[in-house]
Structure formats: C-alpha cells, structure tokens
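File shown here: coords13.csv, holding CSV, C-alpha atoms and all ligand atoms.
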```
chain,number,residue,atom,x,y,z
Y,1,MET,CA,2.9,57.5,-21.9
Y,2,ASP,CA,-0.6,58.4,-22.8
Y,3,SER,CA,-1.6,57.5,-26.3
Y,4,ASN,CA,-3.8,60.0,-28.1
Y,5,GLY,CA,-5.6,56.9,-29.5
Y,6,ILE,CA,-4.4,57.2,-33.1
Y,7,SER,CA,-3.5,53.8,-34.3
Y,8,THR,CA,-0.7,53.8,-36.9
Y,9,ARG,CA,-1.9,50.3,-37.9
Y,10,GLY,CA,-5.3,51.9,-38.6
Y,11,LEU,CA,-3.8,54.6,-40.8
Y,12,GLY,CA,-1.7,52.1,-42.7
Y,13,ALA,CA,-4.6,49.8,-43.2
Y,14,ALA,CA,-6.8,52.6,-44.5
Y,15,LEU,CA,-4.1,53.6,-47.0
Y,16,HIS,CA,-3.5,50.1,-48.4
Y,17,HIS,CA,-6.9,48.4,-48.1
Y,18,PRO,CA,-8.6,48.2,-51.5
Y,19,ARG,CA,-11.9,49.3,-50.0
Y,20,HIS,CA,-10.2,52.7,-49.3
Y,21,ALA,CA,-8.5,52.9,-52.6
Y,22,ARG,CA,-10.3,56.0,-53.7
Y,23,TRP,CA,-9.3,57.7,-50.5
Y,24,THR,CA,-5.6,57.5,-51.5
Y,25,ARG,CA,-6.4,60.1,-54.2
Y,26,LEU,CA,-6.9,62.6,-51.4
Y,27,PRO,CA,-3.8,64.5,-50.3
Y,28,LEU,CA,-2.3,62.6,-47.4
Y,29,VAL,CA,-2.7,65.5,-45.0
Y,30,VAL,CA,-6.4,65.7,-45.7
Y,31,LEU,CA,-6.8,62.0,-45.2
Y,32,ALA,CA,-4.9,62.1,-41.9
Y,33,THR,CA,-7.0,65.0,-40.8
Y,34,LEU,CA,-10.2,63.1,-41.6
Y,35,LEU,CA,-9.0,60.0,-39.7
Y,36,LEU,CA,-7.8,62.1,-36.7
Y,37,ALA,CA,-11.2,63.8,-36.6
Y,38,ALA,CA,-13.0,60.4,-36.7
Y,39,CYS,CA,-10.8,59.0,-33.9
Y,40,ALA,CA,-11.0,62.1,-31.8
Y,41,HIS,CA,-14.8,61.7,-32.0
Y,42,SER,CA,-15.1,58.1,-31.1
Y,43,GLY,CA,-11.9,57.5,-29.1
Y,44,PRO,CA,-9.5,54.6,-29.6
Y,45,ARG,CA,-11.0,51.4,-30.9
Y,46,ASN,CA,-9.8,47.8,-30.3
Y,47,PRO,CA,-9.0,46.2,-33.6
Y,48,LEU,CA,-9.9,42.8,-32.1
Y,49,ALA,CA,-13.5,43.8,-31.8
Y,50,THR,CA,-16.3,44.9,-34.2
Y,51,TRP,CA,-17.1,48.6,-33.4
Y,52,VAL,CA,-20.8,48.9,-32.5
Y,53,PRO,CA,-20.9,52.2,-30.8
Y,54,SER,CA,-23.3,53.1,-27.9
Y,55,LYS,CA,-24.1,56.6,-26.9
Y,56,ASN,CA,-24.6,55.5,-23.3
Y,57,PHE,CA,-21.4,56.7,-21.7
Y,58,ASP,CA,-19.6,59.7,-20.3
Y,59,GLU,CA,-16.1,60.8,-19.3
Y,60,ARG,CA,-14.2,58.9,-16.7
Y,61,ARG,CA,-14.4,60.6,-13.3
Y,62,PRO,CA,-11.6,61.0,-10.8
Y,63,VAL,CA,-12.2,59.8,-7.2
Y,64,VAL,CA,-9.5,61.6,-5.2
Y,65,ILE,CA,-7.9,65.0,-5.1
Y,66,VAL,CA,-4.1,65.3,-4.5
Y,67,LEU,CA,-2.6,68.5,-3.1
Y,68,HIS,CA,1.0,69.5,-3.8
Y,69,TYR,CA,3.3,72.4,-3.1
Y,70,THR,CA,5.5,73.5,-6.1
Y,71,GLU,CA,8.7,74.1,-4.1
Y,72,GLN,CA,9.5,76.8,-6.6
Y,73,LYS,CA,10.2,80.5,-6.5
Y,74,SER,CA,7.1,81.8,-8.4
Y,75,VAL,CA,3.9,80.9,-10.1
Y,76,GLU,CA,5.6,81.9,-13.4
Y,77,GLN,CA,8.4,79.4,-12.9
Y,78,SER,CA,5.8,76.7,-12.0
Y,79,LEU,CA,3.7,77.5,-15.1
Y,80,ASP,CA,6.8,76.9,-17.2
Y,81,THR,CA,7.7,73.6,-15.4
Y,82,LEU,CA,4.2,72.2,-15.6
Y,83,ARG,CA,3.9,73.0,-19.3
Y,84,SER,CA,7.3,72.1,-20.8
Y,85,ARG,CA,9.9,69.3,-21.2
Y,86,ASN,CA,12.1,69.2,-18.1
Y,87,SER,CA,15.4,67.5,-17.6
Y,88,GLY,CA,13.8,65.4,-14.9
Y,89,GLY,CA,10.9,64.3,-17.1
Y,90,ARG,CA,7.6,66.0,-18.0
Y,91,VAL,CA,5.2,66.8,-15.3
Y,92,SER,CA,1.8,68.6,-15.1
Y,93,SER,CA,-1.2,69.1,-12.9
Y,94,HIS,CA,-4.8,70.0,-13.5
Y,95,TYR,CA,-4.6,73.2,-11.5
Y,96,LEU,CA,-2.1,75.6,-10.1
Y,97,LEU,CA,-2.9,78.1,-7.3
Y,98,GLY,CA,-1.1,81.4,-7.0
Y,99,LYS,CA,-0.3,83.0,-3.7
Y,100,ASP,CA,-2.9,85.7,-4.5
Y,101,GLY,CA,-5.5,83.0,-4.9
Y,102,LYS,CA,-5.6,83.0,-8.8
Y,103,ILE,CA,-6.6,79.6,-10.1
Y,104,TYR,CA,-4.8,78.4,-13.3
Y,105,GLN,CA,-6.1,75.2,-15.1
Y,106,LEU,CA,-3.5,73.4,-17.2
Y,107,VAL,CA,-5.2,70.0,-18.0
Y,108,SER,CA,-8.9,69.2,-18.4
Y,109,ASP,CA,-10.5,67.4,-15.4
Y,110,SER,CA,-11.3,64.4,-17.6
Y,111,ARG,CA,-7.7,64.0,-18.7
Y,112,ARG,CA,-4.8,62.2,-16.9
Y,113,ALA,CA,-2.3,64.8,-15.7
Y,114,TRP,CA,1.2,63.7,-14.6
Y,115,HIS,CA,1.4,64.9,-11.0
Y,116,ALA,CA,1.4,61.9,-8.6
Y,117,GLY,CA,4.0,59.5,-9.9
Y,118,ALA,CA,4.5,56.1,-8.2
Y,119,GLY,CA,2.5,55.6,-5.1
Y,120,ARG,CA,-0.7,54.2,-3.6
Y,121,TRP,CA,-3.8,55.3,-1.8
Y,122,GLY,CA,-6.0,52.5,-0.5
Y,123,ALA,CA,-6.7,50.2,-3.5
Y,124,ILE,CA,-5.6,52.9,-6.0
Y,125,THR,CA,-2.3,52.1,-7.5
Y,126,ASP,CA,-2.4,54.4,-10.6
Y,127,VAL,CA,-3.1,57.6,-8.7
Y,128,ASN,CA,-2.7,59.8,-11.8
Y,129,ASN,CA,-5.5,57.9,-13.5
Y,130,ALA,CA,-7.9,58.3,-10.6
Y,131,SER,CA,-7.2,61.8,-9.4
Y,132,ILE,CA,-7.2,65.6,-9.8
Y,133,GLY,CA,-3.9,67.2,-9.1
Y,134,ILE,CA,-3.6,70.7,-7.5
Y,135,GLU,CA,-0.2,72.4,-7.3
Y,136,ILE,CA,0.0,75.2,-4.8
Y,137,ASP,CA,2.6,77.9,-5.3
Y,138,ASN,CA,4.8,77.6,-2.2
Y,139,ASP,CA,8.5,77.3,-1.6
Y,140,GLY,CA,8.1,74.5,0.9
Y,141,LYS,CA,9.2,76.7,3.8
Y,142,SER,CA,6.6,79.5,4.0
Y,143,PRO,CA,3.1,79.6,5.4
Y,144,PHE,CA,0.2,79.4,2.9
Y,145,PRO,CA,-1.5,82.9,2.5
Y,146,ASP,CA,-5.2,83.0,3.5
Y,147,ALA,CA,-6.2,84.2,-0.1
Y,148,GLN,CA,-4.6,81.0,-1.5
Y,149,ILE,CA,-6.4,78.7,0.9
Y,150,ASP,CA,-9.7,80.6,0.4
Y,151,SER,CA,-9.3,79.9,-3.4
Y,152,LEU,CA,-8.4,76.3,-2.7
Y,153,ILE,CA,-11.6,75.8,-0.7
Y,154,VAL,CA,-13.7,77.4,-3.6
Y,155,LEU,CA,-12.0,75.0,-6.1
Y,156,LEU,CA,-12.5,72.0,-3.8
Y,157,ARG,CA,-16.2,72.8,-3.5
Y,158,ASP,CA,-16.5,73.0,-7.2
Y,159,LEU,CA,-14.6,69.8,-8.0
Y,160,THR,CA,-16.2,67.7,-5.3
Y,161,GLN,CA,-19.7,68.8,-6.3
Y,162,ARG,CA,-19.3,68.8,-10.1
Y,163,LEU,CA,-17.2,65.6,-10.3
Y,164,ARG,CA,-18.9,63.9,-7.4
Y,165,ILE,CA,-15.7,63.2,-5.6
Y,166,PRO,CA,-16.2,62.4,-1.9
Y,167,PRO,CA,-15.1,65.5,0.1
Y,168,THR,CA,-13.1,63.3,2.5
Y,169,GLN,CA,-10.9,62.1,-0.4
Y,170,VAL,CA,-8.6,65.2,-0.4
Y,171,ILE,CA,-5.1,64.0,0.4
Y,172,GLY,CA,-1.5,65.2,0.2
Y,173,HIS,CA,1.2,64.0,-2.2
Y,174,SER,CA,3.1,62.7,0.9
Y,175,ASP,CA,0.0,60.6,1.9
Y,176,LEU,CA,0.2,58.5,-1.3
Y,177,ALA,CA,4.0,58.5,-1.7
Y,178,PRO,CA,5.4,58.8,1.9
Y,179,THR,CA,8.8,57.3,0.9
Y,180,ARG,CA,9.4,59.9,-1.9
Y,181,LYS,CA,7.4,63.0,-1.1
Y,182,ILE,CA,6.8,65.4,1.8
Y,183,ASP,CA,4.5,68.0,0.1
Y,184,PRO,CA,2.3,69.8,0.9
Y,185,GLY,CA,4.3,69.7,4.1
Y,186,PRO,CA,3.7,70.2,7.9
Y,187,LEU,CA,2.8,73.9,7.4
Y,188,PHE,CA,-0.2,73.1,5.2
Y,189,PRO,CA,-3.5,74.1,7.1
Y,190,TRP,CA,-5.4,70.8,6.9
Y,191,LYS,CA,-7.5,71.8,9.9
Y,192,ARG,CA,-8.8,74.8,8.0
Y,193,LEU,CA,-9.7,72.6,5.1
Y,194,ALA,CA,-11.5,70.2,7.4
Y,195,ASP,CA,-13.4,73.0,9.0
Y,196,ALA,CA,-14.6,73.8,5.4
Y,197,GLY,CA,-15.6,70.1,5.0
Y,198,PHE,CA,-12.7,68.7,3.1
Y,199,GLY,CA,-10.3,65.9,3.9
Y,200,LEU,CA,-10.3,63.6,6.9
Y,201,TRP,CA,-10.0,65.0,10.4
Y,202,PRO,CA,-10.6,63.4,13.8
Y,203,ALA,CA,-13.7,64.3,15.8
Y,204,ASP,CA,-13.1,65.9,19.1
Y,205,GLY,CA,-13.2,63.8,22.3
Y,206,ALA,CA,-12.8,60.3,20.7
Y,207,GLY,CA,-10.8,59.1,23.7
Y,208,ASP,CA,-8.4,56.3,24.0
Y,209,PRO,CA,-8.7,53.3,21.7
Y,210,PRO,CA,-9.8,49.9,23.1
Y,211,PRO,CA,-7.3,47.2,24.1
Y,212,GLY,CA,-5.9,45.4,21.1
Y,213,PHE,CA,-6.3,48.5,18.7
Y,214,ASP,CA,-3.9,48.0,15.8
Y,215,PRO,CA,-2.6,51.4,14.5
Y,216,TRP,CA,-1.1,49.9,11.4
Y,217,LEU,CA,-4.4,48.4,10.4
Y,218,ALA,CA,-6.0,51.8,11.1
Y,219,LEU,CA,-3.5,53.5,8.9
Y,220,GLN,CA,-4.2,51.1,6.1
Y,221,ALA,CA,-8.0,51.5,6.6
Y,222,ILE,CA,-7.5,55.3,6.0
Y,223,GLY,CA,-5.6,54.6,2.8
Y,224,TYR,CA,-1.9,54.7,3.8
Y,225,SER,CA,0.6,52.1,2.6
Y,226,VAL,CA,2.6,50.7,5.6
Y,227,ASP,CA,5.4,49.2,3.5
Y,228,ASN,CA,7.8,51.7,5.0
Y,229,ARG,CA,6.4,52.4,8.5
Y,230,THR,CA,8.9,55.2,9.4
Y,231,ASP,CA,8.0,57.2,6.3
Y,232,THR,CA,4.3,56.6,6.7
Y,233,VAL,CA,4.3,57.9,10.3
Y,234,ARG,CA,6.2,61.0,9.1
Y,235,ALA,CA,3.5,61.6,6.5
Y,236,PHE,CA,0.8,61.0,9.1
Y,237,HIS,CA,2.4,63.5,11.6
Y,238,HIS,CA,2.7,66.2,8.9
Y,239,ARG,CA,-0.9,65.6,7.9
Y,240,PHE,CA,-2.6,65.4,11.3
Y,241,ARG,CA,-0.3,67.1,13.7
Y,242,GLY,CA,1.7,69.6,11.7
Y,243,SER,CA,4.9,68.2,13.2
Y,244,GLU,CA,7.9,66.0,12.5
Y,245,GLY,CA,8.2,62.5,14.0
Y,246,THR,CA,8.6,59.0,12.9
Y,247,GLU,CA,7.3,57.1,16.0
Y,248,LEU,CA,3.6,56.6,16.9
Y,249,ASP,CA,2.7,57.9,20.3
Y,250,ALA,CA,-0.5,57.9,22.5
Y,251,GLU,CA,-2.0,60.9,20.7
Y,252,ASP,CA,-1.5,59.3,17.3
Y,253,LEU,CA,-3.4,56.3,18.6
Y,254,ARG,CA,-6.3,58.5,19.7
Y,255,ILE,CA,-6.3,60.2,16.3
Y,256,LEU,CA,-6.3,56.9,14.4
Y,257,HIS,CA,-9.0,55.6,16.6
Y,258,ALA,CA,-11.1,58.7,16.0
Y,259,LEU,CA,-10.6,58.5,12.3
Y,260,THR,CA,-11.5,54.8,12.0
Y,261,ALA,CA,-14.0,54.1,14.8
Y,262,PRO,CA,-17.6,53.6,13.5
Y,263,ALA,CA,-19.8,56.6,14.1
Y,264,ALA,CA,-21.7,56.3,17.4
Y,265,THR,CA,-25.4,55.2,16.9
Y,266,PRO,CA,-27.6,58.2,17.6
Y,267,PRO,CA,-29.9,57.7,20.7
Y,268,ARG,CA,-33.5,56.6,19.9
Y,301,ZN,ZN,3.9,66.8,-5.2
```

Represent the structure from my file as structure tokens, please.
Amino acid sequence: MDSNGISTRGLGAALHHPRHARWTRLPLVVLATLLLAACAHSGPRNPLATWVPSKNFDERRPVVIVLHYTEQKSVEQSLDTLRSRNSGGRVSSHYLLGKDGKIYQLVSDSRRAWHAGAGRWGAITDVNNASIGIEIDNDGKSPFPDAQIDSLIVLLRDLTQRLRIPPTQVIGHSDLAPTRKIDPGPLFPWKRLADAGFGLWPADGAGDPPPGFDPWLALQAIGYSVDNRTDTVRAFHHRFRGSEGTELDAEDLRILHALTAPAATPPR
C-alpha cells in the first residue's frame, strides 16, 4: 500500500541520536508533528543518500484516463464504497460522476487512487500509478444519461488540457483488464466521446486491410494485452461495436486496420 513517506527509522534515529538530544525535551507529539511537517514538505528521502534538495521538479503526471461504471444503486452508495473500508478491500477513484452530471472529486489528481487493480495497457503495468480513474454512477444495465456524458466531456477536456494527457488515451477498465472486468460496458457511448475528441475511434472508409494484416499485432499496438484472446476480443467488441462477441470478424479487421494504419500523406 502507499506509504505516506514517514520513515519510522527516521523518527527513531531522531529520538536517539545525540545530535537531537535537546529535541527529546519536547513533548513527543510536538516532535512528531515537526517531523511530519518536514517530511510532508520534502517527501520521502532515501537514507542511503545525502539529501541535497533541488527545486527543479513538479508533481508526477498521469498519462491515461480510465473510465468505470460503479455497478451500484446510487451515487450515495458509491461515495460510501469509494471512501471506506470494504469487505473486498479498499477502493477509490479520483472522480465520481452522478447521473445528473454532478462531478465529485475524491482523490487529488497527483495522488495514486486505487481504481484499476491488476492489468496492463501498452507498456503500462501499474495502471493506478499512471492514470486518473473516473467512476460513472451506473448500474451496469441502464443507458448513460446525456447530462452525465456532457459532464464527462467537460471533465475530460479539463484533465487532458491541464494534465497534458493525450486525448486518445481515454480507455475503459475492460480495456486494461479484459479477463476480470467488463465496465464501462457495451452501452457506454464511446462514439459520442470520440465525436468530442476523446478516445480512439476508427476513421470512416478505411477499407479492408492488406494481405497478411495481423489483427493480434494491431490489438497490441493499440494497447491491449492478448494473453487471453477471447476476453480481449470481448472487450474490443464492447468498446468499438457496442456488442457481445468473442470471435474476430471482417468488420473487426477493418476497424483494427483503420485504428493502426499510418495516416495518409496529404497530397502536395
Ligand atoms: Zn472498473
């Protein structure tokens, strides 16, 4: 689990090292508060190294946005789940979107929320570390109201601009964990998001792929793991066709070709 960066060894050393002897006259709670403040300011330090701080840094930035549905009854229920200890383990997300379009933030953008779990997207294996998680209040069976998607688009515009996340790097939980997850599900309106400029979507009229086209390489080039091909094709169908299916067909090959073919060179 995430450490808050407070080293117990550091606390012990401060209490027992002669150089800090006069500090021990301070009440322990005051001393702990001072040390906590110092660590919170500078972040965790490696005891192997001499600390020679530089001011030339900023917060880490996520590079992908992951969309989920909550599969719960209400936004109130999800607010509780995402902020408490659960029997199945603690989970969270950076944002939660109500059906009315209200945007809740639960974790700072620069912190690592626990929303993705095990999975992979391209070369990213610790997706929580590299992503922003957005939970969408939805029971997994109902359409997503327009107000909710309108809000999502506003939030995506903010996040991609402010955090400089590529707008194409908006994916579903099922894309990164196809063997375990199906959210945000086949009803999620990916085409609407694509029309607003977010997520991958095939250009019209790409035509048939050339002979020898390898759809599995294309899936990997997009970011999918193909360790379990059946589950990956199901996730791909949910994402790009809004339908069920675990076998690739001719339309899938056209979509994969359109998604991975180099852009045509404009005429001179
Ligand atoms: Zn999810």

Requested in this report: Considering all atoms listed in the file, return as a list of chain:residue names whatever protein or nucleic-acid residues lie within 8 Å of Pro215 of chain Y, sequence-local ones (same chain, fewer than 3 positions apart) excluded.
Outcome: Y:Ala218, Y:Leu219, Y:Leu253, Y:Leu256, Y:His257

**Report entry** Which residue of Y:Val63, Y:Asp146, Y:Ile165, Y:Tyr104 approaches Asp126 of chain Y most closely, using all atoms listed in the file
**Finding:**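 Nearest to Asp126 of chain Y: Y:Val63.
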
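Straight-line separation from atom CA of Thr70 of chain Y to atom CA of Arg192 of chain Y: 20.1 Å.
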
Query raised in the report: With only C-alpha atoms and all ligand atoms as the atoms that count, which of Y:Pro53, Y:Pro262, Y:Gly140, Y:Gly89 lies nearest to ligand ZN 301 (chain Y)?
Result: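 Comparing Y:Pro53, Y:Pro262, Y:Gly140, Y:Gly89 against ligand ZN 301 (chain Y), the winner is Y:Gly140.
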
Query - Contact residues around Gly133 of chain Y with all atoms listed in the file at 9 Å, ignoring same-chain residues under 3 positions, as a ChimeraX atom specification - result: /Y:64-68,92-96,113-116,128

Requested in this report: Tell me, in Å to one decimal, how far atom CA of Gly117 of chain Y is from atom CA of Ala147 of chain Y.
Outcome: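 These atoms are spaced 28.5 Å apart.
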
Query raised in the report: Which one is closest to ligand ZN 301 (chain Y): Y:Gly119, Y:Pro202, Y:Pro189, Y:Pro167? Count only C-alpha atoms and all ligand atoms.
Result: Y:Gly119

Query - All residues 10 Å or closer to Trp190 of chain Y, only C-alpha atoms, same chain fewer than 4 positions away omitted, as a PyMOL selection string - result: chain Y and resi 149+170-172+184+186+194-196+198-201+238-242

Report summary line: Correct to one decimal, the distance atom CA of Arg112 of chain Y-atom CA of Glu135 of chain Y is 14.7 Å

Requested in this report: Choose the residue, out of Y:Gly185, Y:Pro166, Y:Gly98, Y:Gly88, that has the smallest atom-to-atom separation from ligand ZN 301 (chain Y); count only C-alpha atoms and all ligand atoms.
Outcome: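 Counting only C-alpha atoms and all ligand atoms, the residue closest to ligand ZN 301 (chain Y) is Y:Gly185.
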
Report task. Please tell me which residues are no farther than 12 Å from (2.7, 82.8, -11.7) in the file, counting only C-alpha atoms, and write them as a list of chain:residue names. Result ->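 All residues meeting the 12 Å criterion around (2.7, 82.8, -11.7) are Y:Thr70, Y:Gln72, Y:Lys73, Y:Ser74, Y:Val75, Y:Glu76, Y:Gln77, Y:Ser78, Y:Leu79, Y:Asp80, Y:Thr81, Y:Leu82, Y:Leu96, Y:Leu97, Y:Gly98, Y:Lys99, Y:Asp100, Y:Gly101, Y:Lys102, Y:Ile103, Y:Tyr104, Y:Glu135, Y:Ile136, Y:Asp137, Y:Asn138.
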
Requested in this report: Using all atoms listed in the file, give me every residue within 12 Å of (-4.8, 52.7, 8.2) in file coordinates, as number ranges by chain.
Outcome: Y: 121-122, 175, 213-227, 229, 232-233, 236, 252-253, 255-261

Report task. Could you tell me which of Y:Ala118, Y:Ile153, Y:Leu106, Y:Ile182 comes closest to ligand ZN 301 (chain Y) if we count only C-alpha atoms and all ligand atoms? Result ->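 Of Y:Ala118, Y:Ile153, Y:Leu106, Y:Ile182, the one nearest ligand ZN 301 (chain Y) is Y:Ile182, counting only C-alpha atoms and all ligand atoms.
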
Query raised in the report: Of the candidates Y:Ala235, Y:Leu163, Y:Leu156, Y:Ala177, which shows the shortest atom-to-atom distance to ligand ZN 301 (chain Y), using all atoms listed in the file?
Result: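 Closest to ligand ZN 301 (chain Y) of all the choices is Y:Ala177.
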
Add whatever atoms are absent from segment 72-102 of chain Y to reach N, CA and C atoms, and provide the output as a PDB file, keeping the file's coordinate frame.
```pdb
ATOM      1  N   GLN Y  72       8.854  75.921  -5.665  1.00  0.00           N
ATOM      2  CA  GLN Y  72       9.500  76.800  -6.600  1.00  0.00           C
ATOM      3  C   GLN Y  72       9.419  78.230  -6.203  1.00  0.00           C
ATOM      4  N   LYS Y  73      10.092  79.112  -6.970  1.00  0.00           N
ATOM      5  CA  LYS Y  73      10.200  80.500  -6.500  1.00  0.00           C
ATOM      6  C   LYS Y  73       8.947  81.328  -6.857  1.00  0.00           C
ATOM      7  N   SER Y  74       8.252  80.979  -7.934  1.00  0.00           N
ATOM      8  CA  SER Y  74       7.100  81.800  -8.400  1.00  0.00           C
ATOM      9  C   SER Y  74       6.141  81.005  -9.166  1.00  0.00           C
ATOM     10  N   VAL Y  75       4.952  81.572  -9.301  1.00  0.00           N
ATOM     11  CA  VAL Y  75       3.900  80.900 -10.100  1.00  0.00           C
ATOM     12  C   VAL Y  75       4.349  80.861 -11.571  1.00  0.00           C
ATOM     13  N   GLU Y  76       5.097  81.890 -12.010  1.00  0.00           N
ATOM     14  CA  GLU Y  76       5.600  81.900 -13.400  1.00  0.00           C
ATOM     15  C   GLU Y  76       6.520  80.739 -13.660  1.00  0.00           C
ATOM     16  N   GLN Y  77       7.409  80.508 -12.716  1.00  0.00           N
ATOM     17  CA  GLN Y  77       8.400  79.400 -12.900  1.00  0.00           C
ATOM     18  C   GLN Y  77       7.589  78.059 -12.924  1.00  0.00           C
ATOM     19  N   SER Y  78       6.573  77.920 -12.074  1.00  0.00           N
ATOM     20  CA  SER Y  78       5.800  76.700 -12.000  1.00  0.00           C
ATOM     21  C   SER Y  78       4.977  76.494 -13.312  1.00  0.00           C
ATOM     22  N   LEU Y  79       4.433  77.595 -13.838  1.00  0.00           N
ATOM     23  CA  LEU Y  79       3.700  77.500 -15.100  1.00  0.00           C
ATOM     24  C   LEU Y  79       4.589  76.972 -16.203  1.00  0.00           C
ATOM     25  N   ASP Y  80       5.844  77.379 -16.182  1.00  0.00           N
ATOM     26  CA  ASP Y  80       6.800  76.900 -17.200  1.00  0.00           C
ATOM     27  C   ASP Y  80       7.091  75.406 -16.948  1.00  0.00           C
ATOM     28  N   THR Y  81       7.399  75.042 -15.706  1.00  0.00           N
ATOM     29  CA  THR Y  81       7.700  73.600 -15.400  1.00  0.00           C
ATOM     30  C   THR Y  81       6.617  72.698 -15.766  1.00  0.00           C
ATOM     31  N   LEU Y  82       5.394  73.105 -15.459  1.00  0.00           N
ATOM     32  CA  LEU Y  82       4.200  72.200 -15.600  1.00  0.00           C
ATOM     33  C   LEU Y  82       3.770  72.142 -17.091  1.00  0.00           C
ATOM     34  N   ARG Y  83       4.395  72.943 -17.959  1.00  0.00           N
ATOM     35  CA  ARG Y  83       3.900  73.000 -19.300  1.00  0.00           C
ATOM     36  C   ARG Y  83       5.038  72.705 -20.340  1.00  0.00           C
ATOM     37  N   SER Y  84       6.217  72.280 -19.858  1.00  0.00           N
ATOM     38  CA  SER Y  84       7.300  72.100 -20.800  1.00  0.00           C
ATOM     39  C   SER Y  84       8.038  70.780 -20.540  1.00  0.00           C
ATOM     40  N   ARG Y  85       9.001  70.500 -21.374  1.00  0.00           N
ATOM     41  CA  ARG Y  85       9.900  69.300 -21.200  1.00  0.00           C
ATOM     42  C   ARG Y  85      10.913  69.723 -20.143  1.00  0.00           C
ATOM     43  N   ASN Y  86      11.082  68.924 -19.097  1.00  0.00           N
ATOM     44  CA  ASN Y  86      12.100  69.200 -18.100  1.00  0.00           C
ATOM     45  C   ASN Y  86      13.169  68.170 -18.133  1.00  0.00           C
ATOM     46  N   SER Y  87      14.319  68.503 -17.602  1.00  0.00           N
ATOM     47  CA  SER Y  87      15.400  67.500 -17.600  1.00  0.00           C
ATOM     48  C   SER Y  87      15.040  66.305 -16.781  1.00  0.00           C
ATOM     49  N   GLY Y  88      14.204  66.494 -15.754  1.00  0.00           N
ATOM     50  CA  GLY Y  88      13.800  65.400 -14.900  1.00  0.00           C
ATOM     51  C   GLY Y  88      12.574  64.630 -15.421  1.00  0.00           C
ATOM     52  N   GLY Y  89      12.095  64.971 -16.602  1.00  0.00           N
ATOM     53  CA  GLY Y  89      10.900  64.300 -17.100  1.00  0.00           C
ATOM     54  C   GLY Y  89       9.721  65.316 -17.086  1.00  0.00           C
ATOM     55  N   ARG Y  90       8.743  65.067 -17.936  1.00  0.00           N
ATOM     56  CA  ARG Y  90       7.600  66.000 -18.000  1.00  0.00           C
ATOM     57  C   ARG Y  90       6.616  65.769 -16.896  1.00  0.00           C
ATOM     58  N   VAL Y  91       6.168  66.863 -16.320  1.00  0.00           N
ATOM     59  CA  VAL Y  91       5.200  66.800 -15.300  1.00  0.00           C
ATOM     60  C   VAL Y  91       4.078  67.836 -15.542  1.00  0.00           C
ATOM     61  N   SER Y  92       2.940  67.627 -14.893  1.00  0.00           N
ATOM     62  CA  SER Y  92       1.800  68.600 -15.100  1.00  0.00           C
ATOM     63  C   SER Y  92       0.907  68.427 -13.864  1.00  0.00           C
ATOM     64  N   SER Y  93      -0.107  69.257 -13.839  1.00  0.00           N
ATOM     65  CA  SER Y  93      -1.200  69.100 -12.900  1.00  0.00           C
ATOM     66  C   SER Y  93      -2.436  69.679 -13.503  1.00  0.00           C
ATOM     67  N   HIS Y  94      -3.578  69.383 -12.924  1.00  0.00           N
ATOM     68  CA  HIS Y  94      -4.800  70.000 -13.500  1.00  0.00           C
ATOM     69  C   HIS Y  94      -4.886  71.452 -13.147  1.00  0.00           C
ATOM     70  N   TYR Y  95      -4.484  71.795 -11.911  1.00  0.00           N
ATOM     71  CA  TYR Y  95      -4.600  73.200 -11.500  1.00  0.00           C
ATOM     72  C   TYR Y  95      -3.315  73.640 -10.788  1.00  0.00           C
ATOM     73  N   LEU Y  96      -3.138  74.964 -10.800  1.00  0.00           N
ATOM     74  CA  LEU Y  96      -2.100  75.600 -10.100  1.00  0.00           C
ATOM     75  C   LEU Y  96      -2.651  76.832  -9.364  1.00  0.00           C
ATOM     76  N   LEU Y  97      -2.397  76.964  -8.069  1.00  0.00           N
ATOM     77  CA  LEU Y  97      -2.900  78.100  -7.300  1.00  0.00           C
ATOM     78  C   LEU Y  97      -1.851  79.074  -6.952  1.00  0.00           C
ATOM     79  N   GLY Y  98      -2.036  80.331  -7.389  1.00  0.00           N
ATOM     80  CA  GLY Y  98      -1.100  81.400  -7.000  1.00  0.00           C
ATOM     81  C   GLY Y  98      -1.225  81.801  -5.587  1.00  0.00           C
ATOM     82  N   LYS Y  99      -0.204  82.514  -5.081  1.00  0.00           N
ATOM     83  CA  LYS Y  99      -0.300  83.000  -3.700  1.00  0.00           C
ATOM     84  C   LYS Y  99      -1.404  83.998  -3.508  1.00  0.00           C
ATOM     85  N   ASP Y 100      -1.759  84.699  -4.602  1.00  0.00           N
ATOM     86  CA  ASP Y 100      -2.900  85.700  -4.500  1.00  0.00           C
ATOM     87  C   ASP Y 100      -4.223  85.027  -4.663  1.00  0.00           C
ATOM     88  N   GLY Y 101      -4.250  83.710  -4.831  1.00  0.00           N
ATOM     89  CA  GLY Y 101      -5.500  83.000  -4.900  1.00  0.00           C
ATOM     90  C   GLY Y 101      -5.960  82.770  -6.379  1.00  0.00           C
ATOM     91  N   LYS Y 102      -5.190  83.258  -7.359  1.00  0.00           N
ATOM     92  CA  LYS Y 102      -5.600  83.000  -8.800  1.00  0.00           C
ATOM     93  C   LYS Y 102      -5.476  81.523  -9.075  1.00  0.00           C
TER      94      LYS Y 102
END
```
